[in-house]
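> Contents of start_2.cif (mmCIF, N, CA and C atoms):
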```
data_coords
loop_
_atom_site.label_atom_id
_atom_site.label_comp_id
_atom_site.auth_asym_id
_atom_site.auth_seq_id
_atom_site.Cartn_x
_atom_site.Cartn_y
_atom_site.Cartn_z
N MET A 16 39.05 37.22 -8.04
CA MET A 16 39.45 35.87 -8.35
C MET A 16 38.63 34.90 -7.50
N GLN A 17 38.05 33.85 -8.13
CA GLN A 17 37.20 32.88 -7.45
C GLN A 17 37.99 31.61 -7.17
N THR A 18 37.79 31.05 -5.96
CA THR A 18 38.47 29.80 -5.62
C THR A 18 37.43 28.71 -5.46
N ASP A 19 37.87 27.49 -5.62
CA ASP A 19 36.98 26.34 -5.47
C ASP A 19 37.15 25.67 -4.11
N THR A 20 37.76 26.33 -3.18
CA THR A 20 38.01 25.76 -1.87
C THR A 20 36.88 26.15 -0.91
N LEU A 21 36.40 25.17 -0.16
CA LEU A 21 35.36 25.45 0.84
C LEU A 21 35.99 26.10 2.06
N THR A 22 35.21 26.95 2.65
CA THR A 22 35.67 27.55 3.91
C THR A 22 35.50 26.51 5.02
N ALA A 23 36.07 26.78 6.15
CA ALA A 23 35.93 25.89 7.30
C ALA A 23 34.46 25.76 7.69
N THR A 24 33.72 26.84 7.62
CA THR A 24 32.29 26.81 7.94
C THR A 24 31.54 25.95 6.93
N GLY A 25 31.88 26.09 5.66
CA GLY A 25 31.24 25.28 4.62
C GLY A 25 31.49 23.80 4.81
N ARG A 26 32.72 23.44 5.16
CA ARG A 26 33.04 22.03 5.41
C ARG A 26 32.29 21.52 6.64
N LEU A 27 32.18 22.34 7.67
CA LEU A 27 31.47 21.95 8.89
C LEU A 27 29.98 21.74 8.59
N VAL A 28 29.38 22.61 7.81
CA VAL A 28 27.96 22.47 7.46
C VAL A 28 27.73 21.19 6.67
N ARG A 29 28.57 20.93 5.67
CA ARG A 29 28.41 19.70 4.87
C ARG A 29 28.64 18.45 5.70
N ALA A 30 29.64 18.45 6.54
CA ALA A 30 29.91 17.28 7.38
C ALA A 30 28.76 17.06 8.36
N SER A 31 28.24 18.14 8.94
CA SER A 31 27.12 18.02 9.88
C SER A 31 25.88 17.47 9.18
N ALA A 32 25.60 17.98 7.99
CA ALA A 32 24.44 17.49 7.23
C ALA A 32 24.60 16.01 6.91
N THR A 33 25.79 15.59 6.55
CA THR A 33 26.05 14.19 6.25
C THR A 33 25.82 13.32 7.47
N VAL A 34 26.30 13.75 8.62
CA VAL A 34 26.12 12.98 9.86
C VAL A 34 24.64 12.89 10.22
N VAL A 35 23.91 13.99 10.08
CA VAL A 35 22.48 13.98 10.41
C VAL A 35 21.72 13.03 9.49
N VAL A 36 21.96 13.12 8.19
CA VAL A 36 21.26 12.24 7.24
C VAL A 36 21.62 10.78 7.51
N PHE A 37 22.88 10.49 7.76
CA PHE A 37 23.29 9.12 8.06
C PHE A 37 22.60 8.62 9.33
N ALA A 38 22.52 9.46 10.35
CA ALA A 38 21.85 9.07 11.60
C ALA A 38 20.36 8.80 11.36
N LEU A 39 19.70 9.65 10.56
CA LEU A 39 18.28 9.43 10.26
C LEU A 39 18.07 8.14 9.46
N LEU A 40 18.93 7.88 8.50
CA LEU A 40 18.81 6.64 7.72
C LEU A 40 19.03 5.42 8.60
N THR A 41 20.01 5.48 9.48
CA THR A 41 20.29 4.36 10.38
C THR A 41 19.11 4.13 11.33
N ALA A 42 18.61 5.20 11.94
CA ALA A 42 17.48 5.07 12.86
C ALA A 42 16.24 4.57 12.13
N GLY A 43 16.00 5.08 10.93
CA GLY A 43 14.85 4.63 10.16
C GLY A 43 14.94 3.17 9.78
N THR A 44 16.14 2.71 9.45
CA THR A 44 16.34 1.31 9.10
C THR A 44 16.14 0.40 10.30
N LEU A 45 16.64 0.82 11.45
CA LEU A 45 16.57 -0.04 12.64
C LEU A 45 15.21 0.01 13.33
N TRP A 46 14.58 1.18 13.40
CA TRP A 46 13.36 1.32 14.19
C TRP A 46 12.19 1.91 13.41
N GLY A 47 12.39 2.33 12.19
CA GLY A 47 11.35 3.03 11.45
C GLY A 47 10.38 2.11 10.75
N THR A 48 9.40 2.73 10.13
CA THR A 48 8.42 2.03 9.30
C THR A 48 8.39 2.71 7.93
N ASP A 49 7.64 2.13 7.01
CA ASP A 49 7.53 2.73 5.68
C ASP A 49 6.96 4.15 5.74
N ASP A 50 6.20 4.45 6.80
CA ASP A 50 5.62 5.79 6.94
C ASP A 50 6.67 6.86 7.20
N HIS A 51 7.88 6.47 7.55
CA HIS A 51 8.95 7.44 7.83
C HIS A 51 9.74 7.81 6.59
N PHE A 52 9.14 7.66 5.41
CA PHE A 52 9.79 8.03 4.16
C PHE A 52 10.34 9.44 4.24
N PRO A 53 11.52 9.71 3.75
CA PRO A 53 12.44 8.84 3.02
C PRO A 53 13.46 8.15 3.90
N PHE A 54 13.25 8.16 5.21
CA PHE A 54 14.24 7.57 6.11
C PHE A 54 13.81 6.22 6.66
N GLY A 55 12.69 5.69 6.19
CA GLY A 55 12.21 4.39 6.64
C GLY A 55 12.94 3.25 5.97
N PRO A 56 12.63 2.02 6.36
CA PRO A 56 13.36 0.86 5.86
C PRO A 56 12.95 0.40 4.46
N PHE A 57 11.88 0.97 3.89
CA PHE A 57 11.40 0.58 2.56
C PHE A 57 11.12 -0.92 2.50
N SER A 58 10.50 -1.45 3.54
CA SER A 58 10.23 -2.89 3.60
C SER A 58 9.30 -3.34 2.49
N MET A 59 8.56 -2.40 1.89
CA MET A 59 7.67 -2.79 0.79
C MET A 59 8.45 -3.37 -0.37
N TYR A 60 9.75 -3.06 -0.45
CA TYR A 60 10.59 -3.58 -1.52
C TYR A 60 11.50 -4.71 -1.06
N ALA A 61 11.35 -5.14 0.19
CA ALA A 61 12.30 -6.08 0.77
C ALA A 61 12.04 -7.53 0.37
N GLY A 62 10.82 -7.87 0.02
CA GLY A 62 10.50 -9.26 -0.29
C GLY A 62 10.65 -9.56 -1.76
N VAL A 63 10.80 -10.83 -2.03
CA VAL A 63 10.88 -11.27 -3.42
C VAL A 63 10.19 -12.62 -3.52
N ASN A 64 9.46 -12.81 -4.59
CA ASN A 64 8.80 -14.09 -4.83
C ASN A 64 9.78 -15.03 -5.52
N GLY A 65 9.61 -16.31 -5.28
CA GLY A 65 10.42 -17.30 -5.96
C GLY A 65 10.04 -17.38 -7.44
N PRO A 66 10.84 -18.05 -8.25
CA PRO A 66 10.60 -18.09 -9.70
C PRO A 66 9.32 -18.80 -10.11
N ASN A 67 8.73 -19.58 -9.18
CA ASN A 67 7.48 -20.29 -9.48
C ASN A 67 6.37 -19.94 -8.50
N ASP A 68 6.58 -18.89 -7.69
CA ASP A 68 5.57 -18.47 -6.73
C ASP A 68 4.60 -17.50 -7.39
N PRO A 69 3.33 -17.56 -7.02
CA PRO A 69 2.37 -16.63 -7.63
C PRO A 69 2.67 -15.19 -7.23
N ALA A 70 2.32 -14.27 -8.11
CA ALA A 70 2.49 -12.84 -7.85
C ALA A 70 1.15 -12.28 -7.41
N PRO A 71 1.07 -11.81 -6.15
CA PRO A 71 -0.21 -11.30 -5.66
C PRO A 71 -0.48 -9.87 -6.12
N ASP A 72 -1.74 -9.60 -6.40
CA ASP A 72 -2.19 -8.26 -6.77
C ASP A 72 -3.47 -7.99 -5.98
N THR A 73 -3.36 -7.15 -4.96
CA THR A 73 -4.47 -6.91 -4.04
C THR A 73 -5.34 -5.77 -4.52
N ARG A 74 -6.64 -5.92 -4.36
CA ARG A 74 -7.57 -4.84 -4.67
C ARG A 74 -8.71 -4.88 -3.65
N VAL A 75 -9.39 -3.75 -3.54
CA VAL A 75 -10.57 -3.65 -2.68
C VAL A 75 -11.74 -3.31 -3.58
N GLU A 76 -12.76 -4.12 -3.50
CA GLU A 76 -13.97 -3.88 -4.28
C GLU A 76 -15.10 -3.50 -3.34
N GLY A 77 -15.94 -2.62 -3.83
CA GLY A 77 -17.13 -2.23 -3.10
C GLY A 77 -18.35 -2.47 -3.96
N VAL A 78 -19.45 -2.79 -3.33
CA VAL A 78 -20.74 -2.90 -4.03
C VAL A 78 -21.64 -1.83 -3.44
N ASP A 79 -22.18 -0.99 -4.32
CA ASP A 79 -23.04 0.08 -3.82
C ASP A 79 -24.49 -0.39 -3.68
N ALA A 80 -25.32 0.49 -3.16
CA ALA A 80 -26.72 0.14 -2.89
C ALA A 80 -27.49 -0.20 -4.16
N ASN A 81 -26.97 0.19 -5.33
CA ASN A 81 -27.62 -0.14 -6.60
C ASN A 81 -27.10 -1.44 -7.18
N GLY A 82 -26.18 -2.11 -6.48
CA GLY A 82 -25.64 -3.38 -6.96
C GLY A 82 -24.44 -3.24 -7.87
N ARG A 83 -23.95 -2.02 -8.06
CA ARG A 83 -22.80 -1.78 -8.93
C ARG A 83 -21.51 -2.09 -8.17
N THR A 84 -20.60 -2.83 -8.81
CA THR A 84 -19.30 -3.16 -8.22
C THR A 84 -18.26 -2.17 -8.73
N LEU A 85 -17.48 -1.64 -7.81
CA LEU A 85 -16.41 -0.73 -8.19
C LEU A 85 -15.17 -0.98 -7.36
N VAL A 86 -14.02 -0.65 -7.94
CA VAL A 86 -12.75 -0.78 -7.22
C VAL A 86 -12.60 0.45 -6.33
N LEU A 87 -12.33 0.21 -5.05
CA LEU A 87 -12.12 1.30 -4.10
C LEU A 87 -10.62 1.53 -3.99
N ASN A 88 -10.22 2.80 -4.17
CA ASN A 88 -8.80 3.12 -4.18
C ASN A 88 -8.57 4.47 -3.51
N GLU A 89 -7.36 4.99 -3.65
CA GLU A 89 -7.04 6.25 -2.99
C GLU A 89 -7.80 7.44 -3.59
N HIS A 90 -8.24 7.32 -4.83
CA HIS A 90 -8.94 8.43 -5.47
C HIS A 90 -10.40 8.53 -5.06
N ASN A 91 -11.05 7.39 -4.84
CA ASN A 91 -12.48 7.46 -4.53
C ASN A 91 -12.80 7.06 -3.09
N ALA A 92 -11.83 6.45 -2.37
CA ALA A 92 -12.10 6.04 -0.99
C ALA A 92 -10.96 6.40 -0.04
N GLY A 93 -9.90 6.98 -0.58
CA GLY A 93 -8.80 7.41 0.27
C GLY A 93 -7.95 6.29 0.83
N VAL A 94 -7.99 5.12 0.20
CA VAL A 94 -7.21 3.99 0.70
C VAL A 94 -6.27 3.49 -0.40
N ARG A 95 -4.99 3.39 -0.05
CA ARG A 95 -4.00 2.91 -1.01
C ARG A 95 -3.84 1.40 -0.88
N ARG A 96 -3.49 0.79 -1.99
CA ARG A 96 -3.31 -0.66 -2.01
C ARG A 96 -2.28 -1.10 -0.97
N ALA A 97 -1.19 -0.36 -0.84
CA ALA A 97 -0.15 -0.73 0.12
C ALA A 97 -0.69 -0.74 1.55
N GLU A 98 -1.59 0.20 1.85
CA GLU A 98 -2.19 0.23 3.18
C GLU A 98 -3.05 -1.01 3.42
N VAL A 99 -3.80 -1.39 2.40
CA VAL A 99 -4.65 -2.58 2.52
C VAL A 99 -3.78 -3.83 2.69
N GLU A 100 -2.72 -3.93 1.90
CA GLU A 100 -1.83 -5.08 2.02
C GLU A 100 -1.20 -5.13 3.41
N GLY A 101 -0.81 -3.97 3.93
CA GLY A 101 -0.20 -3.93 5.25
C GLY A 101 -1.16 -4.30 6.36
N LEU A 102 -2.45 -4.04 6.15
CA LEU A 102 -3.47 -4.34 7.16
C LEU A 102 -4.28 -5.59 6.85
N GLU A 103 -3.85 -6.36 5.87
CA GLU A 103 -4.64 -7.51 5.45
C GLU A 103 -4.96 -8.45 6.60
N ALA A 104 -3.98 -8.77 7.42
CA ALA A 104 -4.22 -9.69 8.55
C ALA A 104 -5.27 -9.12 9.50
N ALA A 105 -5.24 -7.81 9.71
CA ALA A 105 -6.23 -7.18 10.59
C ALA A 105 -7.62 -7.26 9.99
N TYR A 106 -7.73 -7.09 8.66
CA TYR A 106 -9.03 -7.21 8.00
C TYR A 106 -9.54 -8.65 8.05
N VAL A 107 -8.64 -9.61 7.93
CA VAL A 107 -9.04 -11.02 8.01
C VAL A 107 -9.54 -11.32 9.42
N ASP A 108 -8.81 -10.83 10.43
CA ASP A 108 -9.20 -11.08 11.82
C ASP A 108 -10.49 -10.36 12.20
N ASP A 109 -10.69 -9.17 11.64
CA ASP A 109 -11.87 -8.36 11.98
C ASP A 109 -12.39 -7.67 10.72
N PRO A 110 -13.19 -8.38 9.91
CA PRO A 110 -13.70 -7.79 8.67
C PRO A 110 -14.51 -6.51 8.89
N GLY A 111 -15.01 -6.31 10.10
CA GLY A 111 -15.77 -5.09 10.40
C GLY A 111 -14.95 -3.83 10.18
N ARG A 112 -13.62 -3.96 10.20
CA ARG A 112 -12.76 -2.79 9.95
C ARG A 112 -12.93 -2.25 8.53
N LEU A 113 -13.41 -3.09 7.62
CA LEU A 113 -13.62 -2.66 6.24
C LEU A 113 -14.73 -1.60 6.13
N GLU A 114 -15.57 -1.50 7.14
CA GLU A 114 -16.61 -0.48 7.15
C GLU A 114 -15.98 0.92 7.07
N LEU A 115 -14.78 1.07 7.60
CA LEU A 115 -14.10 2.37 7.55
C LEU A 115 -13.83 2.79 6.10
N ILE A 116 -13.56 1.82 5.24
CA ILE A 116 -13.34 2.14 3.83
C ILE A 116 -14.66 2.58 3.18
N ALA A 117 -15.74 1.90 3.53
CA ALA A 117 -17.06 2.31 3.00
C ALA A 117 -17.41 3.71 3.49
N ASP A 118 -17.12 4.01 4.74
CA ASP A 118 -17.40 5.34 5.30
C ASP A 118 -16.55 6.41 4.62
N SER A 119 -15.29 6.08 4.35
CA SER A 119 -14.41 7.02 3.66
C SER A 119 -14.92 7.30 2.25
N TYR A 120 -15.38 6.26 1.57
CA TYR A 120 -15.97 6.43 0.23
C TYR A 120 -17.17 7.38 0.30
N ALA A 121 -18.01 7.19 1.31
CA ALA A 121 -19.21 8.04 1.46
C ALA A 121 -18.81 9.50 1.68
N ARG A 122 -17.76 9.74 2.48
CA ARG A 122 -17.31 11.11 2.71
C ARG A 122 -16.76 11.75 1.43
N MET A 123 -16.04 10.95 0.64
CA MET A 123 -15.41 11.48 -0.57
C MET A 123 -16.39 11.57 -1.75
N ASN A 124 -17.51 10.85 -1.67
CA ASN A 124 -18.49 10.80 -2.75
C ASN A 124 -19.90 10.98 -2.17
N PRO A 125 -20.18 12.15 -1.63
CA PRO A 125 -21.45 12.34 -0.91
C PRO A 125 -22.70 12.14 -1.76
N ASP A 126 -22.59 12.30 -3.07
CA ASP A 126 -23.77 12.14 -3.93
C ASP A 126 -23.92 10.73 -4.49
N ALA A 127 -22.97 9.86 -4.21
CA ALA A 127 -23.00 8.49 -4.75
C ALA A 127 -23.81 7.59 -3.83
N PRO A 128 -24.37 6.52 -4.39
CA PRO A 128 -25.06 5.55 -3.54
C PRO A 128 -24.08 4.96 -2.52
N PRO A 129 -24.53 4.66 -1.33
CA PRO A 129 -23.62 4.15 -0.30
C PRO A 129 -23.09 2.75 -0.64
N ILE A 130 -21.90 2.49 -0.14
CA ILE A 130 -21.29 1.17 -0.28
C ILE A 130 -21.90 0.25 0.77
N VAL A 131 -22.39 -0.91 0.33
CA VAL A 131 -23.03 -1.86 1.25
C VAL A 131 -22.18 -3.11 1.48
N ARG A 132 -21.16 -3.31 0.64
CA ARG A 132 -20.26 -4.45 0.85
C ARG A 132 -18.86 -4.06 0.39
N VAL A 133 -17.87 -4.43 1.20
CA VAL A 133 -16.46 -4.20 0.87
C VAL A 133 -15.74 -5.54 0.94
N THR A 134 -14.95 -5.83 -0.09
CA THR A 134 -14.24 -7.11 -0.17
C THR A 134 -12.77 -6.85 -0.51
N VAL A 135 -11.88 -7.52 0.22
CA VAL A 135 -10.46 -7.51 -0.11
C VAL A 135 -10.19 -8.77 -0.92
N ILE A 136 -9.73 -8.57 -2.14
CA ILE A 136 -9.48 -9.68 -3.07
C ILE A 136 -8.02 -9.65 -3.48
N VAL A 137 -7.40 -10.82 -3.48
CA VAL A 137 -6.03 -10.93 -3.97
C VAL A 137 -6.06 -11.79 -5.23
N ARG A 138 -5.61 -11.20 -6.32
CA ARG A 138 -5.48 -11.94 -7.58
C ARG A 138 -4.07 -12.52 -7.60
N LEU A 139 -4.00 -13.84 -7.70
CA LEU A 139 -2.70 -14.53 -7.73
C LEU A 139 -2.38 -14.91 -9.17
N HIS A 140 -1.41 -14.18 -9.73
CA HIS A 140 -0.98 -14.44 -11.11
C HIS A 140 0.03 -15.59 -11.09
N GLU A 141 -0.22 -16.60 -11.89
CA GLU A 141 0.66 -17.77 -11.94
C GLU A 141 1.98 -17.40 -12.62
N ILE A 142 3.06 -17.84 -11.99
CA ILE A 142 4.41 -17.58 -12.50
C ILE A 142 5.11 -18.93 -12.69
N ARG A 143 5.77 -19.10 -13.81
CA ARG A 143 6.59 -20.29 -14.07
C ARG A 143 7.92 -19.81 -14.63
N ASN A 144 9.01 -20.23 -14.00
CA ASN A 144 10.36 -19.83 -14.42
C ASN A 144 10.47 -18.31 -14.57
N SER A 145 9.94 -17.61 -13.58
CA SER A 145 9.99 -16.14 -13.50
C SER A 145 9.22 -15.43 -14.61
N SER A 146 8.29 -16.13 -15.26
CA SER A 146 7.49 -15.52 -16.33
C SER A 146 6.01 -15.75 -16.07
N LEU A 147 5.21 -14.75 -16.41
CA LEU A 147 3.76 -14.89 -16.30
C LEU A 147 3.26 -15.97 -17.24
N THR A 148 2.32 -16.77 -16.76
CA THR A 148 1.72 -17.79 -17.62
C THR A 148 0.44 -17.29 -18.28
N GLY A 149 -0.11 -16.21 -17.76
CA GLY A 149 -1.39 -15.71 -18.25
C GLY A 149 -2.56 -16.25 -17.46
N ARG A 150 -2.30 -17.18 -16.54
CA ARG A 150 -3.36 -17.74 -15.70
C ARG A 150 -3.32 -17.07 -14.32
N TRP A 151 -4.50 -16.98 -13.72
CA TRP A 151 -4.61 -16.38 -12.40
C TRP A 151 -5.89 -16.87 -11.75
N HIS A 152 -5.96 -16.67 -10.45
CA HIS A 152 -7.22 -16.90 -9.75
C HIS A 152 -7.33 -15.89 -8.61
N ASP A 153 -8.55 -15.58 -8.24
CA ASP A 153 -8.83 -14.61 -7.19
C ASP A 153 -9.14 -15.33 -5.89
N GLU A 154 -8.64 -14.76 -4.79
CA GLU A 154 -8.97 -15.25 -3.45
C GLU A 154 -9.58 -14.10 -2.66
N THR A 155 -10.75 -14.34 -2.10
CA THR A 155 -11.36 -13.36 -1.20
C THR A 155 -10.72 -13.54 0.17
N ARG A 156 -10.10 -12.48 0.67
CA ARG A 156 -9.40 -12.56 1.95
C ARG A 156 -10.25 -12.04 3.11
N ALA A 157 -11.08 -11.04 2.83
CA ALA A 157 -11.93 -10.48 3.89
C ALA A 157 -13.14 -9.82 3.23
N GLU A 158 -14.27 -9.86 3.93
CA GLU A 158 -15.47 -9.25 3.39
C GLU A 158 -16.33 -8.70 4.52
N TRP A 159 -16.86 -7.52 4.31
CA TRP A 159 -17.78 -6.89 5.25
C TRP A 159 -19.03 -6.51 4.48
N GLU A 160 -20.19 -6.70 5.12
CA GLU A 160 -21.45 -6.30 4.51
C GLU A 160 -22.26 -5.51 5.51
N ARG A 161 -22.83 -4.40 5.02
CA ARG A 161 -23.65 -3.55 5.89
C ARG A 161 -24.88 -4.32 6.33
N PRO A 162 -25.15 -4.33 7.62
CA PRO A 162 -26.34 -5.07 8.12
C PRO A 162 -27.64 -4.42 7.68
#
```
How does the structure come out when it is put into C-alpha cells?

Amino acid sequence: MQTDTLTATGRLVRASATVVVFALLTAGTLWGTDDHFPFGPFSMYAGVNGPNDPAPDTRVEGVDANGRTLVLNEHNAGVRRAEVEGLEAAYVDDPGRLELIADSYARMNPDAPPIVRVTVIVRLHEIRNSSLTGRWHDETRAEWERP
C-alpha cells in the first residue's frame, strides 16, 4: 500500500532546499549582479521607458581592412549586446577598450581580414504614446580605430 505522506527526512530536505534557495535569491537581489543568474537581481529588466521616450537598440559595428562593415556580436566576436550596454560608459570614457572586441573577432575568425575600426552605435527608435512611429536615428557613442 502506497501513502502520499512525506517522511520526516523528506520534509526536512524540502524545507532545507526552500531555505537555501530563498537565501540565495535574497543575497542575489541585495548584493548580486546579472552575472549571478539565476539568483541575480535581473536588473536588465528593471528599467522602463516612458510612453514617449525613445527605445534604444545598441549594436557594435566593425570595419575590416577591406572596408567591409559588419555587425560584431557574440557569434563572430564573442561579445553580447547586454555586455556592451553594461560597459557603454567605460567605452565612452576610454574608446581604446573597443580594441578588445577587434582582437576577439580576430581570434574567432583567424582567416578573416582584421578589424580596423570598432564603433558602438545606439539606434533610438521614436516612440509616441507607447507605439513605434517608424522613425529613428543613430548615435555613435564610442569609436576606436587601429593606428
> Please evaluate the PyMOL selection byres ((chain A and resi 86) around 6.5) against the displayed coordinates and give the resulting residues as a ChimeraX atom specification.
/A:75-77,84-85,87-88
> Could those selected residues go to a file with N, CA and C atoms, as a PDB file, in the frame of the given file?

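Resulting contents of out.pdb:
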```
ATOM      1  N   VAL A  75      -9.390  -3.750  -3.540  1.00  0.00           N
ATOM      2  CA  VAL A  75     -10.570  -3.650  -2.680  1.00  0.00           C
ATOM      3  C   VAL A  75     -11.740  -3.310  -3.580  1.00  0.00           C
ATOM      4  N   GLU A  76     -12.760  -4.120  -3.500  1.00  0.00           N
ATOM      5  CA  GLU A  76     -13.970  -3.880  -4.280  1.00  0.00           C
ATOM      6  C   GLU A  76     -15.100  -3.500  -3.340  1.00  0.00           C
ATOM      7  N   GLY A  77     -15.940  -2.620  -3.830  1.00  0.00           N
ATOM      8  CA  GLY A  77     -17.130  -2.230  -3.100  1.00  0.00           C
ATOM      9  C   GLY A  77     -18.350  -2.470  -3.960  1.00  0.00           C
ATOM     10  N   THR A  84     -20.600  -2.830  -8.810  1.00  0.00           N
ATOM     11  CA  THR A  84     -19.300  -3.160  -8.220  1.00  0.00           C
ATOM     12  C   THR A  84     -18.260  -2.170  -8.730  1.00  0.00           C
ATOM     13  N   LEU A  85     -17.480  -1.640  -7.810  1.00  0.00           N
ATOM     14  CA  LEU A  85     -16.410  -0.730  -8.190  1.00  0.00           C
ATOM     15  C   LEU A  85     -15.170  -0.980  -7.360  1.00  0.00           C
ATOM     16  N   LEU A  87     -12.330   0.210  -5.050  1.00  0.00           N
ATOM     17  CA  LEU A  87     -12.120   1.300  -4.100  1.00  0.00           C
ATOM     18  C   LEU A  87     -10.620   1.530  -3.990  1.00  0.00           C
ATOM     19  N   ASN A  88     -10.220   2.800  -4.170  1.00  0.00           N
ATOM     20  CA  ASN A  88      -8.800   3.120  -4.180  1.00  0.00           C
ATOM     21  C   ASN A  88      -8.570   4.470  -3.510  1.00  0.00           C
TER      22      ASN A  88
END
```
> Can you turn the PyMOL selection byres (((chain A and resi 151 and name CA) around 12) and name CA) into a concrete residue list for this file, as an MDAnalysis selection string?
chainID A and resid 68:72 137:143 147:150 152:154
> Which residues would end up in the selection if the PyMOL selection byres ((chain A and resi 129) around 7) were applied here, given that I need the answer as a list in words?
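That selection, the PyMOL selection byres ((chain A and resi 129) around 7), comes back as Val78, Asp79, Ala80, Asn81, Ala121, Asp126, Ala127, Pro128, Ile130, Val131 and Arg132 of chain A.
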> Give me a file of those residues, with N, CA and C atoms, as a PDB file, in the frame of the given file.

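This is the output file result.pdb:
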```pdb
ATOM      1  N   VAL A  78     -19.450  -2.790  -3.330  1.00  0.00           N
ATOM      2  CA  VAL A  78     -20.740  -2.900  -4.030  1.00  0.00           C
ATOM      3  C   VAL A  78     -21.640  -1.830  -3.440  1.00  0.00           C
ATOM      4  N   ASP A  79     -22.180  -0.990  -4.320  1.00  0.00           N
ATOM      5  CA  ASP A  79     -23.040   0.080  -3.820  1.00  0.00           C
ATOM      6  C   ASP A  79     -24.490  -0.390  -3.680  1.00  0.00           C
ATOM      7  N   ALA A  80     -25.320   0.490  -3.160  1.00  0.00           N
ATOM      8  CA  ALA A  80     -26.720   0.140  -2.890  1.00  0.00           C
ATOM      9  C   ALA A  80     -27.490  -0.200  -4.160  1.00  0.00           C
ATOM     10  N   ASN A  81     -26.970   0.190  -5.330  1.00  0.00           N
ATOM     11  CA  ASN A  81     -27.620  -0.140  -6.600  1.00  0.00           C
ATOM     12  C   ASN A  81     -27.100  -1.440  -7.180  1.00  0.00           C
ATOM     13  N   ALA A 121     -18.010   7.190   1.310  1.00  0.00           N
ATOM     14  CA  ALA A 121     -19.210   8.040   1.460  1.00  0.00           C
ATOM     15  C   ALA A 121     -18.810   9.500   1.680  1.00  0.00           C
ATOM     16  N   ASP A 126     -22.590  12.300  -3.070  1.00  0.00           N
ATOM     17  CA  ASP A 126     -23.770  12.140  -3.930  1.00  0.00           C
ATOM     18  C   ASP A 126     -23.920  10.730  -4.490  1.00  0.00           C
ATOM     19  N   ALA A 127     -22.970   9.860  -4.210  1.00  0.00           N
ATOM     20  CA  ALA A 127     -23.000   8.490  -4.750  1.00  0.00           C
ATOM     21  C   ALA A 127     -23.810   7.590  -3.830  1.00  0.00           C
ATOM     22  N   PRO A 128     -24.370   6.520  -4.390  1.00  0.00           N
ATOM     23  CA  PRO A 128     -25.060   5.550  -3.540  1.00  0.00           C
ATOM     24  C   PRO A 128     -24.080   4.960  -2.520  1.00  0.00           C
ATOM     25  N   ILE A 130     -21.900   2.490  -0.140  1.00  0.00           N
ATOM     26  CA  ILE A 130     -21.290   1.170  -0.280  1.00  0.00           C
ATOM     27  C   ILE A 130     -21.900   0.250   0.770  1.00  0.00           C
ATOM     28  N   VAL A 131     -22.390  -0.910   0.330  1.00  0.00           N
ATOM     29  CA  VAL A 131     -23.030  -1.860   1.250  1.00  0.00           C
ATOM     30  C   VAL A 131     -22.180  -3.110   1.480  1.00  0.00           C
ATOM     31  N   ARG A 132     -21.160  -3.310   0.640  1.00  0.00           N
ATOM     32  CA  ARG A 132     -20.260  -4.450   0.850  1.00  0.00           C
ATOM     33  C   ARG A 132     -18.860  -4.060   0.390  1.00  0.00           C
TER      34      ARG A 132
END
```
> What lies within 6 Å of segment 101-112 of chain A using all atoms listed in the file, ignoring chain neighbours under 2 positions off, as a ChimeraX atom specification?
/A:96-99,114-116,156-159
> Mind listing the strand (DSSP E or B) residues of chain A, per DSSP on the backbone, as JSON, numbers by chain?
{"A": [70, 71, 72, 73, 74, 75, 76, 77, 78, 79, 84, 85, 86, 87, 130, 131, 132, 133, 134, 135, 136, 137, 138, 139, 140, 141, 142, 143, 146, 147, 148, 149, 150, 151, 152, 153, 154, 155, 156, 157, 158, 159, 160]}
> Record the distance separating atom CA of Thr44 of chain A and atom C of Pro56 of chain A, expressed in Å with one decimal.
5.8 Å
> For the atom pair atom C of Ser146 of chain A and atom C of Arg95 of chain A, what is the interatomic distance in Å to one decimal place?
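Separation between atom C of Ser146 of chain A and atom C of Arg95 of chain A: 24.9 Å.
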> Compile the contact shell of Asn91 of chain A as number ranges by chain: residues with an atom at most 6.5 Å away, counting all atoms listed in the file, same-chain residues fewer than 2 positions apart removed.
A: 87-89, 93-94, 119-120, 123-124
> Take every atom of segment 86-101 of chain A listed in the file, fit an axis-aligned box around them, add 4 Å per side, and give the centre and edge lengths in Å to one decimal as JSON.

```
{"center_x": -7.1, "center_y": 1.7, "center_z": -0.8, "size_x": 21.9, "size_y": 21.7, "size_z": 22.3}
```
> Identify all residues of chain A in alpha helix (DSSP H) (DSSP on the backbone) and supply them as an MDAnalysis selection string.
chainID A and resid 23:46 96:101 103:108 114:123
> Which value, in Å to one decimal, gives the distance between atom C of Glu100 of chain A and atom CA of Asp49 of chain A?
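Calculated distance between atom C of Glu100 of chain A and atom CA of Asp49 of chain A is 12.0 Å.
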